[in-house]
Amino acid sequence: MLYIYCPHCGEHRDEQEFHYAGEAYIVRPANPDEATDEAWGDYVFFRDNPKGWTWEQWSHGAGCHKFIAVKRHNVSNEIAATYTMQDGKVAWQQEQQEAQS
Ligand SMILES: [Zn+2]
């Protein structure tokens, strides 16, 4: 059972109040008009499936109905942090940059 902190409500709540909404921060093709069918297919249908830390989006369906970003380890179920989608994107981008350097 997960207890998820909702940054909008400011409270930890049972996961049953939330709905998993898939991988967070999927990168949309930069030039939509010029993107190939393969690039659109990757964007729409294919997801990473790493073992370890993942960035997910959840909605607080039984609460504020807002989406939040959750950094969760999908083996241990540990939650490192939860963010508003905007704040999470900043943290996610920083993590991506650190991984590339
Ligand atoms: Zn909430």
# chains A, B, ... in the order shown; residues from 1 in each chain; ligands from 1
$ residues_near_ligand --ligand "ligand 1" --cutoff "8 Å" --atoms "only C-alpha atoms and all ligand atoms" --output "MDAnalysis selection string"
chainID A and resid 6:11 59:66
$ write_last_selection --atoms "N, CA, C and O atoms" --output "PDB file, in the first residue's frame"
ATOM      1  N   CYS A   6       0.131  14.461  -1.662  1.00  0.00           N
ATOM      2  CA  CYS A   6      -0.387  15.334  -2.716  1.00  0.00           C
ATOM      3  C   CYS A   6       0.086  16.762  -2.429  1.00  0.00           C
ATOM      4  O   CYS A   6      -0.309  17.351  -1.413  1.00  0.00           O
ATOM      5  N   PRO A   7       0.940  17.301  -3.294  1.00  0.00           N
ATOM      6  CA  PRO A   7       1.456  18.656  -3.047  1.00  0.00           C
ATOM      7  C   PRO A   7       0.376  19.740  -3.169  1.00  0.00           C
ATOM      8  O   PRO A   7       0.566  20.858  -2.694  1.00  0.00           O
ATOM      9  N   HIS A   8      -0.733  19.408  -3.794  1.00  0.00           N
ATOM     10  CA  HIS A   8      -1.813  20.400  -3.909  1.00  0.00           C
ATOM     11  C   HIS A   8      -2.637  20.441  -2.619  1.00  0.00           C
ATOM     12  O   HIS A   8      -2.981  21.502  -2.123  1.00  0.00           O
ATOM     13  N   CYS A   9      -2.959  19.246  -2.095  1.00  0.00           N
ATOM     14  CA  CYS A   9      -3.760  19.179  -0.866  1.00  0.00           C
ATOM     15  C   CYS A   9      -2.892  19.349   0.376  1.00  0.00           C
ATOM     16  O   CYS A   9      -3.403  19.694   1.443  1.00  0.00           O
ATOM     17  N   GLY A  10      -1.587  19.020   0.247  1.00  0.00           N
ATOM     18  CA  GLY A  10      -0.690  19.121   1.388  1.00  0.00           C
ATOM     19  C   GLY A  10      -0.881  17.986   2.388  1.00  0.00           C
ATOM     20  O   GLY A  10      -0.612  18.160   3.572  1.00  0.00           O
ATOM     21  N   GLU A  11      -1.346  16.821   1.901  1.00  0.00           N
ATOM     22  CA  GLU A  11      -1.599  15.702   2.814  1.00  0.00           C
ATOM     23  C   GLU A  11      -1.147  14.386   2.200  1.00  0.00           C
ATOM     24  O   GLU A  11      -1.199  14.212   0.981  1.00  0.00           O
ATOM     25  N   SER A  59      -3.262  11.008 -10.814  1.00  0.00           N
ATOM     26  CA  SER A  59      -4.251  12.053 -10.536  1.00  0.00           C
ATOM     27  C   SER A  59      -4.880  11.770  -9.171  1.00  0.00           C
ATOM     28  O   SER A  59      -5.056  10.611  -8.787  1.00  0.00           O
ATOM     29  N   HIS A  60      -5.169  12.824  -8.470  1.00  0.00           N
ATOM     30  CA  HIS A  60      -5.783  12.689  -7.141  1.00  0.00           C
ATOM     31  C   HIS A  60      -7.299  12.688  -7.304  1.00  0.00           C
ATOM     32  O   HIS A  60      -7.981  13.653  -6.979  1.00  0.00           O
ATOM     33  N   GLY A  61      -7.783  11.555  -7.807  1.00  0.00           N
ATOM     34  CA  GLY A  61      -9.182  11.445  -8.215  1.00  0.00           C
ATOM     35  C   GLY A  61     -10.192  11.604  -7.096  1.00  0.00           C
ATOM     36  O   GLY A  61     -11.290  12.100  -7.315  1.00  0.00           O
ATOM     37  N   ALA A  62      -9.849  11.167  -5.891  1.00  0.00           N
ATOM     38  CA  ALA A  62     -10.795  11.287  -4.773  1.00  0.00           C
ATOM     39  C   ALA A  62     -10.491  12.517  -3.923  1.00  0.00           C
ATOM     40  O   ALA A  62     -11.040  12.672  -2.828  1.00  0.00           O
ATOM     41  N   GLY A  63      -9.622  13.366  -4.442  1.00  0.00           N
ATOM     42  CA  GLY A  63      -9.266  14.576  -3.703  1.00  0.00           C
ATOM     43  C   GLY A  63      -9.450  15.786  -4.587  1.00  0.00           C
ATOM     44  O   GLY A  63     -10.550  16.093  -5.028  1.00  0.00           O
ATOM     45  N   CYS A  64      -8.320  16.412  -4.905  1.00  0.00           N
ATOM     46  CA  CYS A  64      -8.363  17.673  -5.646  1.00  0.00           C
ATOM     47  C   CYS A  64      -8.501  17.477  -7.156  1.00  0.00           C
ATOM     48  O   CYS A  64      -8.649  18.450  -7.892  1.00  0.00           O
ATOM     49  N   HIS A  65      -8.406  16.238  -7.638  1.00  0.00           N
ATOM     50  CA  HIS A  65      -8.524  15.908  -9.065  1.00  0.00           C
ATOM     51  C   HIS A  65      -7.350  16.405  -9.905  1.00  0.00           C
ATOM     52  O   HIS A  65      -7.392  16.332 -11.122  1.00  0.00           O
ATOM     53  N   LYS A  66      -6.323  16.916  -9.265  1.00  0.00           N
ATOM     54  CA  LYS A  66      -5.180  17.429 -10.025  1.00  0.00           C
ATOM     55  C   LYS A  66      -4.169  16.319 -10.275  1.00  0.00           C
ATOM     56  O   LYS A  66      -4.106  15.336  -9.536  1.00  0.00           O
TER      57      LYS A  66
END
$ select_by_dssp --residues "chain A" --states "strand (DSSP E or B)" --output "VMD selection string"
chain A and resid 3 to 6 11 to 14 19 to 23 53 to 59 67 to 73 79 to 84
$ atom_distance --atom1 "atom CA of Ser76 of chain A" --atom2 "atom CA of Gln94 of chain A"
23.4 Å
$ closest_residue --among "A:Val27, A:Ile68, A:Ala39, A:Ile4" --to "Gln93 of chain A" --atoms "only C-alpha atoms"
A:Val27
$ closest_residue --among "A:Asn77, A:Thr54, A:Asn31, A:Asn49" --to "Glu15 of chain A" --atoms "only C-alpha atoms"
A:Asn77
$ closest_residue --among "A:Glu23, A:Asp48, A:Glu17, A:Glu38" --to "Ala69 of chain A" --atoms "only C-alpha atoms"
A:Glu23
$ residues_around --residues "segment 95-99 of chain A" --least-positions-apart "5" --cutoff "12 Å" --atoms "only C-alpha atoms" --output "compact mmCIF listing (two decimals) with C-alpha atoms, in the first residue's frame"
# COMPACT_ATOMS: atom_id res chain seq x y z
CA TYR A 25 7.23 13.81 -19.14
CA VAL A 27 9.02 13.97 -24.91
CA TRP A 53 13.36 4.73 -10.42
CA THR A 54 10.54 5.95 -12.61
CA TRP A 55 8.74 9.22 -13.10
CA LYS A 71 9.24 9.58 -8.52
CA GLY A 88 8.40 17.82 -11.14
CA LYS A 89 9.34 18.78 -14.68
CA VAL A 90 12.12 21.01 -13.36
$ atom_distance --atom1 "atom CA of Leu2 of chain A" --atom2 "atom CA of Gly22 of chain A"
16.2 Å
$ select_by_dssp --residues "chain A" --states "helix (DSSP H, G or I)" --output "ChimeraX atom specification"
/A:15-17,32-34,37-45,85-100
$ residues_around --residues "Arg72 of chain A" --least-positions-apart "6" --cutoff "10 Å" --atoms "only C-alpha atoms" --output "ChimeraX atom specification"
/A:52-56,78-82
$ atom_distance --atom1 "atom CA of Tyr3 of chain A" --atom2 "atom CA of Pro50 of chain A"
22.1 Å
$ residues_around --residues "Pro29 of chain A" --least-positions-apart "2" --cutoff "12 Å" --atoms "only C-alpha atoms" --output "list in words"
Ile26, Val27, Asn31, Pro32, Asp33, Glu34, Ala35, Thr36, Asp37, Glu38, Ala39, Trp40, Gly41, Asp42, Tyr43 and Val44 of chain A
$ write_last_selection --atoms "N, CA and C atoms" --output "PDB file, in the first residue's frame"
ATOM      1  N   ILE A  26       6.809  12.494 -21.114  1.00  0.00           N
ATOM      2  CA  ILE A  26       7.148  11.875 -22.387  1.00  0.00           C
ATOM      3  C   ILE A  26       7.451  12.995 -23.373  1.00  0.00           C
ATOM      4  N   VAL A  27       8.570  12.874 -24.045  1.00  0.00           N
ATOM      5  CA  VAL A  27       9.016  13.967 -24.914  1.00  0.00           C
ATOM      6  C   VAL A  27       8.285  13.906 -26.252  1.00  0.00           C
ATOM      7  N   ASN A  31       9.262  18.889 -33.894  1.00  0.00           N
ATOM      8  CA  ASN A  31       8.594  19.529 -35.030  1.00  0.00           C
ATOM      9  C   ASN A  31       7.453  18.626 -35.502  1.00  0.00           C
ATOM     10  N   PRO A  32       6.269  18.797 -34.931  1.00  0.00           N
ATOM     11  CA  PRO A  32       5.162  17.867 -35.205  1.00  0.00           C
ATOM     12  C   PRO A  32       4.849  17.688 -36.697  1.00  0.00           C
ATOM     13  N   ASP A  33       4.925  18.785 -37.461  1.00  0.00           N
ATOM     14  CA  ASP A  33       4.594  18.688 -38.886  1.00  0.00           C
ATOM     15  C   ASP A  33       5.617  17.879 -39.670  1.00  0.00           C
ATOM     16  N   GLU A  34       6.816  17.803 -39.149  1.00  0.00           N
ATOM     17  CA  GLU A  34       7.886  17.107 -39.861  1.00  0.00           C
ATOM     18  C   GLU A  34       8.217  15.748 -39.251  1.00  0.00           C
ATOM     19  N   ALA A  35       7.557  15.401 -38.164  1.00  0.00           N
ATOM     20  CA  ALA A  35       7.864  14.125 -37.494  1.00  0.00           C
ATOM     21  C   ALA A  35       7.405  12.953 -38.357  1.00  0.00           C
ATOM     22  N   THR A  36       8.203  11.913 -38.351  1.00  0.00           N
ATOM     23  CA  THR A  36       7.860  10.718 -39.131  1.00  0.00           C
ATOM     24  C   THR A  36       6.770   9.927 -38.411  1.00  0.00           C
ATOM     25  N   ASP A  37       6.152   9.006 -39.155  1.00  0.00           N
ATOM     26  CA  ASP A  37       5.157   8.132 -38.532  1.00  0.00           C
ATOM     27  C   ASP A  37       5.790   7.323 -37.409  1.00  0.00           C
ATOM     28  N   GLU A  38       7.041   6.922 -37.619  1.00  0.00           N
ATOM     29  CA  GLU A  38       7.736   6.147 -36.593  1.00  0.00           C
ATOM     30  C   GLU A  38       7.911   6.975 -35.318  1.00  0.00           C
ATOM     31  N   ALA A  39       8.279   8.257 -35.477  1.00  0.00           N
ATOM     32  CA  ALA A  39       8.459   9.129 -34.308  1.00  0.00           C
ATOM     33  C   ALA A  39       7.131   9.311 -33.568  1.00  0.00           C
ATOM     34  N   TRP A  40       6.042   9.487 -34.331  1.00  0.00           N
ATOM     35  CA  TRP A  40       4.721   9.621 -33.696  1.00  0.00           C
ATOM     36  C   TRP A  40       4.312   8.323 -33.026  1.00  0.00           C
ATOM     37  N   GLY A  41       4.608   7.201 -33.671  1.00  0.00           N
ATOM     38  CA  GLY A  41       4.294   5.900 -33.074  1.00  0.00           C
ATOM     39  C   GLY A  41       5.017   5.706 -31.754  1.00  0.00           C
ATOM     40  N   ASP A  42       6.304   6.094 -31.727  1.00  0.00           N
ATOM     41  CA  ASP A  42       7.069   5.983 -30.483  1.00  0.00           C
ATOM     42  C   ASP A  42       6.447   6.864 -29.398  1.00  0.00           C
ATOM     43  N   TYR A  43       6.064   8.083 -29.789  1.00  0.00           N
ATOM     44  CA  TYR A  43       5.524   9.031 -28.819  1.00  0.00           C
ATOM     45  C   TYR A  43       4.171   8.564 -28.267  1.00  0.00           C
ATOM     46  N   VAL A  44       3.339   8.053 -29.150  1.00  0.00           N
ATOM     47  CA  VAL A  44       1.971   7.710 -28.744  1.00  0.00           C
ATOM     48  C   VAL A  44       1.888   6.337 -28.068  1.00  0.00           C
TER      49      VAL A  44
END
$ closest_residue --among "A:His12, A:Ala24, A:Val70, A:His19" --to "Arg47 of chain A" --atoms "only C-alpha atoms"
A:Ala24
